[in-house]
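For reference, the structure discussed in these notes is given below.
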Amino acid sequence: MALVLSSPIVSPLRNNIDMSKNLGVSYSSFPKVHVFRVSTPLRTRKPVVTVVSSRKNIGTGLASEDKKLLLERYGYDANEFSSQSKKTRRKEEERSGRNSQKEEEVVVQPRTTHRLLQVLAGTAKRKKLLSLKGMDVRPMMEVVKGAAFGILQAAGGCPTSLRPGRWLDLYSGTGSVGIEAISRGCSEAHFVEMDPWVVSNVLQPNLEHTGFVEDSVIHTARVENFLERADKLVGKDGAFDYISVTPPYMEVDYAVLMDQISKSAAIGENTFIVVEYPSRTTMLDSCGCLEKMTDRRFGRTHLAIYGPKWAQKPRKS
């Protein structure tokens, strides 16, 4: 493409040079340069305009009218520019909304059961019990359950079975503790479980499988609410003879829970309380009118049993 010169050559010192004058140099030795005038003007590129705003300078930046004038000054259509920025913002908002929805979507796995637990002794010995797969429901370990019932039977004066009475299974879950109690001689068991799915698909089938439906009462409620209304729920029979407490470790405050149990109408002077608790948890030496009989450790699981004064073993001096 030929170069178009529409004005005289300008030197760096901005002095016009007249080529017609002879400056003592022979120009015949230079090649001839043919200059053509092109009718098509050179394409000019629009300058890039960037409008910057900062959150720190809100209130001191350009107003909308000033931005419009600035864009028109550099040859931009202000309306087109604003519509494009709105579309861009809308796309960004949609993308952020989709990302937040993806983060909020949690895949819920179906709850399934298996038969791993069993009744250890009594009329329903060796019958398999359903339990929930995973850690949603954590039943008492069989070694802990066997030790607890051994201590209670010895305290009641009959090493082979429990003395007759009523059992309250708090945080029952699978119902394995209350079912074990009925199997070993208890006349009735009350199960307190807040999860309706567990009640329908685990606890109720276990009672039907062992044949203890007629000897059981299920309370689908929170333990805290049950203890507050225990005076109305225990009925004419009064306090329970046995209470098992096997809560999910990380979801309860044992100090608050034991204080609520000690003040509840569910316990009496002759009640035995079995409490399963984790390491690094301090259990008091008494629960209301009941005194701690024993405190044993099974790995990371601890077992405390409270009972009446007449069941306490004489301590060696």
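Ligands are numbered from 1 in the order shown, chains are lettered A, B, ... in the order of the structure tokens, and residues start at 1 in each chain.
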How would you write, as a PyMOL selection string, the set of residues in stretch 105-251 of chain A that DSSP gives as strand (DSSP E or B)?
chain A and resi 113-118+128-132+166-170+188-192+216-219+242-245
Excluding stretch 196-202 of chain A and residues on its chain fewer than 4 positions from it, collect all residues at most 7 Å away from it, counting only C-alpha atoms, and give them as a PDB file with C-alpha atoms, in the first residue's frame.
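Saved result, selection.pdb, follows:
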```pdb
ATOM      1  CA  LEU A 130     -32.440 -55.129  62.778  1.00  0.00           C
ATOM      2  CA  SER A 131     -30.112 -52.151  62.974  1.00  0.00           C
ATOM      3  CA  GLY A 173     -33.086 -46.586  68.422  1.00  0.00           C
ATOM      4  CA  THR A 174     -33.125 -50.291  67.589  1.00  0.00           C
ATOM      5  CA  ASN A 206     -37.736 -55.950  66.109  1.00  0.00           C
ATOM      6  CA  THR A 220     -42.209 -41.158  69.270  1.00  0.00           C
TER       7      THR A 220
END
```
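Within the 10 Å cut-off around A:Ser264, using only C-alpha atoms and omitting residues fewer than 6 positions from it on the same chain, the listed residues are Phe226, Leu227, Glu228, Arg229, Ala230, Asp231, Ala239, Met258 and Gly288 of chain A.
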Atoms kept (N, CA and C atoms) for selection, written as a compact mmCIF listing (two decimals), in the first residue's frame:
```txt
# COMPACT_ATOMS: atom_id res chain seq x y z
N PHE A 226 -40.23 -35.85 76.66
CA PHE A 226 -40.80 -36.97 77.42
C PHE A 226 -40.54 -36.79 78.91
N LEU A 227 -39.32 -36.41 79.27
CA LEU A 227 -39.00 -36.25 80.69
C LEU A 227 -39.78 -35.12 81.33
N GLU A 228 -40.06 -34.05 80.56
CA GLU A 228 -40.84 -32.95 81.10
C GLU A 228 -42.28 -33.37 81.40
N ARG A 229 -42.80 -34.31 80.61
CA ARG A 229 -44.19 -34.76 80.78
C ARG A 229 -44.27 -36.14 81.40
N ALA A 230 -43.18 -36.57 82.05
CA ALA A 230 -43.14 -37.93 82.58
C ALA A 230 -44.22 -38.17 83.62
N ASP A 231 -44.57 -37.14 84.40
CA ASP A 231 -45.59 -37.32 85.44
C ASP A 231 -46.94 -37.71 84.84
N ALA A 239 -43.02 -44.42 89.09
CA ALA A 239 -41.67 -44.38 88.53
C ALA A 239 -41.29 -45.73 87.94
N MET A 258 -28.53 -35.42 82.73
CA MET A 258 -28.63 -36.12 84.01
C MET A 258 -29.37 -35.28 85.05
N GLY A 288 -29.89 -37.49 91.68
CA GLY A 288 -31.05 -37.34 92.55
C GLY A 288 -30.83 -38.09 93.85
```
Give the helix (DSSP H, G or I) residues of stretch 158-272 of chain A, as DSSP finds them on the backbone, and put them as a VMD selection string.
chain A and resid 176 to 183 196 to 210 213 to 215 223 to 228 230 to 233 235 to 237 249 to 251 254 to 262
Quick one: everything within 8 Å of A:Ser187, counting only C-alpha atoms, minus sequence neighbours fewer than 4 positions away in the same chain. Send it as a list in words.
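Residues near the query, excluding close chain neighbours: Pro164, Gly165, Arg166, Ile182 and Asp215 of chain A.
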Report as number ranges by chain all protein, DNA and RNA residues lying within 12 Å of A:Ala124, evaluated on only C-alpha atoms, omitting residues in the same chain fewer than 2 positions from it.
A: 118-122, 126-129, 176, 179-185, 206-212
What lies within 12 Å of A:Ala255 using only C-alpha atoms, ignoring chain neighbours under 3 positions off, as an MDAnalysis selection string?
chainID A and resid 252 258:262 277 281:284 286:287
Take the residues from that selection and put them in a file with N, CA, C and O atoms, as a short mmCIF file (atom, residue, chain, number, x, y, z; two decimals), in the first residue's frame.
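As a result, out.cif now contains:
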```
data_model
loop_
_atom_site.label_atom_id
_atom_site.label_comp_id
_atom_site.auth_asym_id
_atom_site.auth_seq_id
_atom_site.Cartn_x
_atom_site.Cartn_y
_atom_site.Cartn_z
N VAL A 252 -25.65 -34.37 72.90
CA VAL A 252 -26.25 -34.09 74.20
C VAL A 252 -25.20 -33.51 75.14
O VAL A 252 -24.00 -33.73 74.99
N MET A 258 -28.53 -35.42 82.73
CA MET A 258 -28.63 -36.12 84.01
C MET A 258 -29.37 -35.28 85.05
O MET A 258 -30.07 -35.82 85.91
N ASP A 259 -29.22 -33.97 84.97
CA ASP A 259 -29.96 -33.11 85.88
C ASP A 259 -31.46 -33.20 85.60
O ASP A 259 -32.28 -33.22 86.54
N GLN A 260 -31.83 -33.25 84.34
CA GLN A 260 -33.24 -33.38 83.98
C GLN A 260 -33.80 -34.73 84.41
O GLN A 260 -34.95 -34.81 84.88
N ILE A 261 -33.01 -35.79 84.26
CA ILE A 261 -33.46 -37.11 84.69
C ILE A 261 -33.66 -37.15 86.20
O ILE A 261 -34.63 -37.72 86.71
N SER A 262 -32.72 -36.54 86.94
CA SER A 262 -32.80 -36.58 88.41
C SER A 262 -34.04 -35.87 88.94
O SER A 262 -34.54 -36.21 90.02
N TYR A 277 -21.62 -43.47 78.21
CA TYR A 277 -21.08 -42.15 77.90
C TYR A 277 -19.66 -42.27 77.35
O TYR A 277 -18.98 -43.29 77.56
N THR A 281 -15.73 -37.38 79.71
CA THR A 281 -17.00 -36.88 80.22
C THR A 281 -17.05 -37.19 81.71
O THR A 281 -16.82 -38.33 82.12
N THR A 282 -17.33 -36.19 82.51
CA THR A 282 -17.37 -36.36 83.95
C THR A 282 -18.79 -36.66 84.40
O THR A 282 -19.72 -35.90 84.10
N MET A 283 -18.95 -37.79 85.09
CA MET A 283 -20.25 -38.18 85.63
C MET A 283 -20.24 -37.98 87.14
O MET A 283 -19.28 -38.34 87.83
N LEU A 284 -21.32 -37.41 87.67
CA LEU A 284 -21.43 -37.16 89.11
C LEU A 284 -21.58 -38.47 89.87
O LEU A 284 -21.95 -39.50 89.30
N SER A 286 -23.77 -39.04 92.06
CA SER A 286 -25.17 -39.29 92.40
C SER A 286 -26.07 -38.71 91.32
O SER A 286 -25.66 -37.82 90.57
N CYS A 287 -27.29 -39.24 91.27
CA CYS A 287 -28.31 -38.73 90.36
C CYS A 287 -29.61 -38.66 91.15
O CYS A 287 -30.32 -39.66 91.29
#
```
How far is it from atom CA of A:Ser161 to atom CA of A:Asp285, in Å with one decimal?
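One can read the atom CA of A:Ser161 to atom CA of A:Asp285 distance as 26.6 Å.
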Ranking A:Val144, A:Ile273, A:Met194, A:Met250 by minimum distance to A:Val223 and counting only C-alpha atoms, which one comes first?
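Going through A:Val144, A:Ile273, A:Met194, A:Met250 one by one, the smallest distance to A:Val223 is for A:Met194.
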For A:Arg280, list every protein, DNA or RNA residue within 12 Å, evaluated using only C-alpha atoms, and leave out those in the same chain fewer than 2 positions away; present the list as an NGL selection string.
:A and (249 or 254 or 277-278 or 282-283 or 297 or 300-302)
Would you put the residues from that selection into a file with all heavy atoms, as a short mmCIF file (atom, residue, chain, number, x, y, z; two decimals), in the first residue's frame?
```cif
data_model
loop_
_atom_site.label_atom_id
_atom_site.label_comp_id
_atom_site.auth_asym_id
_atom_site.auth_seq_id
_atom_site.Cartn_x
_atom_site.Cartn_y
_atom_site.Cartn_z
N TYR A 249 -23.47 -39.48 71.34
CA TYR A 249 -22.49 -38.80 72.18
C TYR A 249 -22.39 -37.30 71.92
O TYR A 249 -22.34 -36.48 72.85
CB TYR A 249 -21.10 -39.43 71.99
CG TYR A 249 -20.96 -40.82 72.54
CD1 TYR A 249 -19.93 -41.66 72.11
CD2 TYR A 249 -21.85 -41.32 73.50
CE1 TYR A 249 -19.78 -42.94 72.62
CE2 TYR A 249 -21.72 -42.60 74.00
CZ TYR A 249 -20.68 -43.40 73.56
OH TYR A 249 -20.54 -44.67 74.06
N TYR A 254 -24.30 -34.02 78.82
CA TYR A 254 -24.61 -35.01 79.86
C TYR A 254 -24.96 -34.36 81.19
O TYR A 254 -25.80 -34.90 81.93
CB TYR A 254 -23.44 -35.98 80.02
CG TYR A 254 -23.45 -37.10 79.02
CD1 TYR A 254 -22.91 -36.93 77.75
CD2 TYR A 254 -24.00 -38.33 79.34
CE1 TYR A 254 -22.92 -37.97 76.83
CE2 TYR A 254 -24.02 -39.37 78.42
CZ TYR A 254 -23.48 -39.18 77.17
OH TYR A 254 -23.52 -40.21 76.26
N TYR A 277 -21.62 -43.47 78.21
CA TYR A 277 -21.08 -42.15 77.90
C TYR A 277 -19.66 -42.27 77.35
O TYR A 277 -18.98 -43.29 77.56
CB TYR A 277 -21.12 -41.24 79.14
CG TYR A 277 -20.21 -41.65 80.27
CD1 TYR A 277 -18.94 -41.09 80.41
CD2 TYR A 277 -20.60 -42.60 81.21
CE1 TYR A 277 -18.11 -41.44 81.45
CE2 TYR A 277 -19.78 -42.98 82.25
CZ TYR A 277 -18.52 -42.40 82.36
OH TYR A 277 -17.69 -42.76 83.39
N PRO A 278 -19.16 -41.26 76.64
CA PRO A 278 -17.83 -41.33 76.03
C PRO A 278 -16.73 -40.90 76.99
O PRO A 278 -16.98 -40.41 78.10
CB PRO A 278 -17.94 -40.35 74.86
CG PRO A 278 -18.89 -39.31 75.37
CD PRO A 278 -19.88 -40.03 76.24
N THR A 282 -17.33 -36.19 82.51
CA THR A 282 -17.37 -36.36 83.95
C THR A 282 -18.79 -36.66 84.40
O THR A 282 -19.72 -35.90 84.10
CB THR A 282 -16.86 -35.09 84.67
OG1 THR A 282 -15.54 -34.79 84.21
CG2 THR A 282 -16.85 -35.28 86.17
N MET A 283 -18.95 -37.79 85.09
CA MET A 283 -20.25 -38.18 85.63
C MET A 283 -20.24 -37.98 87.14
O MET A 283 -19.28 -38.34 87.83
CB MET A 283 -20.56 -39.63 85.29
CG MET A 283 -20.62 -39.93 83.80
SD MET A 283 -21.95 -39.04 82.95
CE MET A 283 -23.37 -39.83 83.68
N ARG A 297 -15.04 -49.03 82.14
CA ARG A 297 -14.57 -48.56 80.84
C ARG A 297 -14.44 -49.73 79.88
O ARG A 297 -13.91 -50.78 80.22
CB ARG A 297 -13.22 -47.86 80.99
CG ARG A 297 -12.62 -47.38 79.68
CD ARG A 297 -11.26 -46.75 79.90
NE ARG A 297 -10.62 -46.36 78.65
CZ ARG A 297 -9.40 -45.85 78.55
NH1 ARG A 297 -8.68 -45.66 79.64
NH2 ARG A 297 -8.91 -45.53 77.37
N ARG A 300 -13.27 -46.84 74.34
CA ARG A 300 -13.67 -45.42 74.39
C ARG A 300 -15.05 -45.24 74.99
O ARG A 300 -15.53 -44.12 75.13
CB ARG A 300 -13.63 -44.82 72.99
CG ARG A 300 -12.23 -44.69 72.41
CD ARG A 300 -12.25 -44.07 71.02
NE ARG A 300 -12.91 -44.95 70.07
CZ ARG A 300 -13.10 -44.63 68.78
NH1 ARG A 300 -12.71 -43.45 68.34
NH2 ARG A 300 -13.69 -45.48 67.97
N THR A 301 -15.71 -46.34 75.34
CA THR A 301 -17.06 -46.29 75.91
C THR A 301 -17.00 -46.53 77.41
O THR A 301 -16.29 -47.43 77.87
CB THR A 301 -17.96 -47.34 75.25
OG1 THR A 301 -18.04 -47.09 73.85
CG2 THR A 301 -19.36 -47.30 75.83
N HIS A 302 -17.76 -45.73 78.16
CA HIS A 302 -17.83 -45.88 79.61
C HIS A 302 -19.26 -46.23 80.00
O HIS A 302 -20.22 -45.85 79.33
CB HIS A 302 -17.39 -44.59 80.31
CG HIS A 302 -15.93 -44.31 80.16
ND1 HIS A 302 -15.03 -44.38 81.22
CD2 HIS A 302 -15.18 -43.97 79.08
CE1 HIS A 302 -13.82 -44.08 80.79
NE2 HIS A 302 -13.88 -43.82 79.48
#
```
Two-atom distance - atom CA of A:Ala265, atom CA of A:Lys292 (Å):
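One can read the atom CA of A:Ala265 to atom CA of A:Lys292 distance as 19.2 Å.
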Quote the spacing between atom CA of A:Thr112 and atom CA of A:Leu168 in Å to one decimal place.
26.4 Å
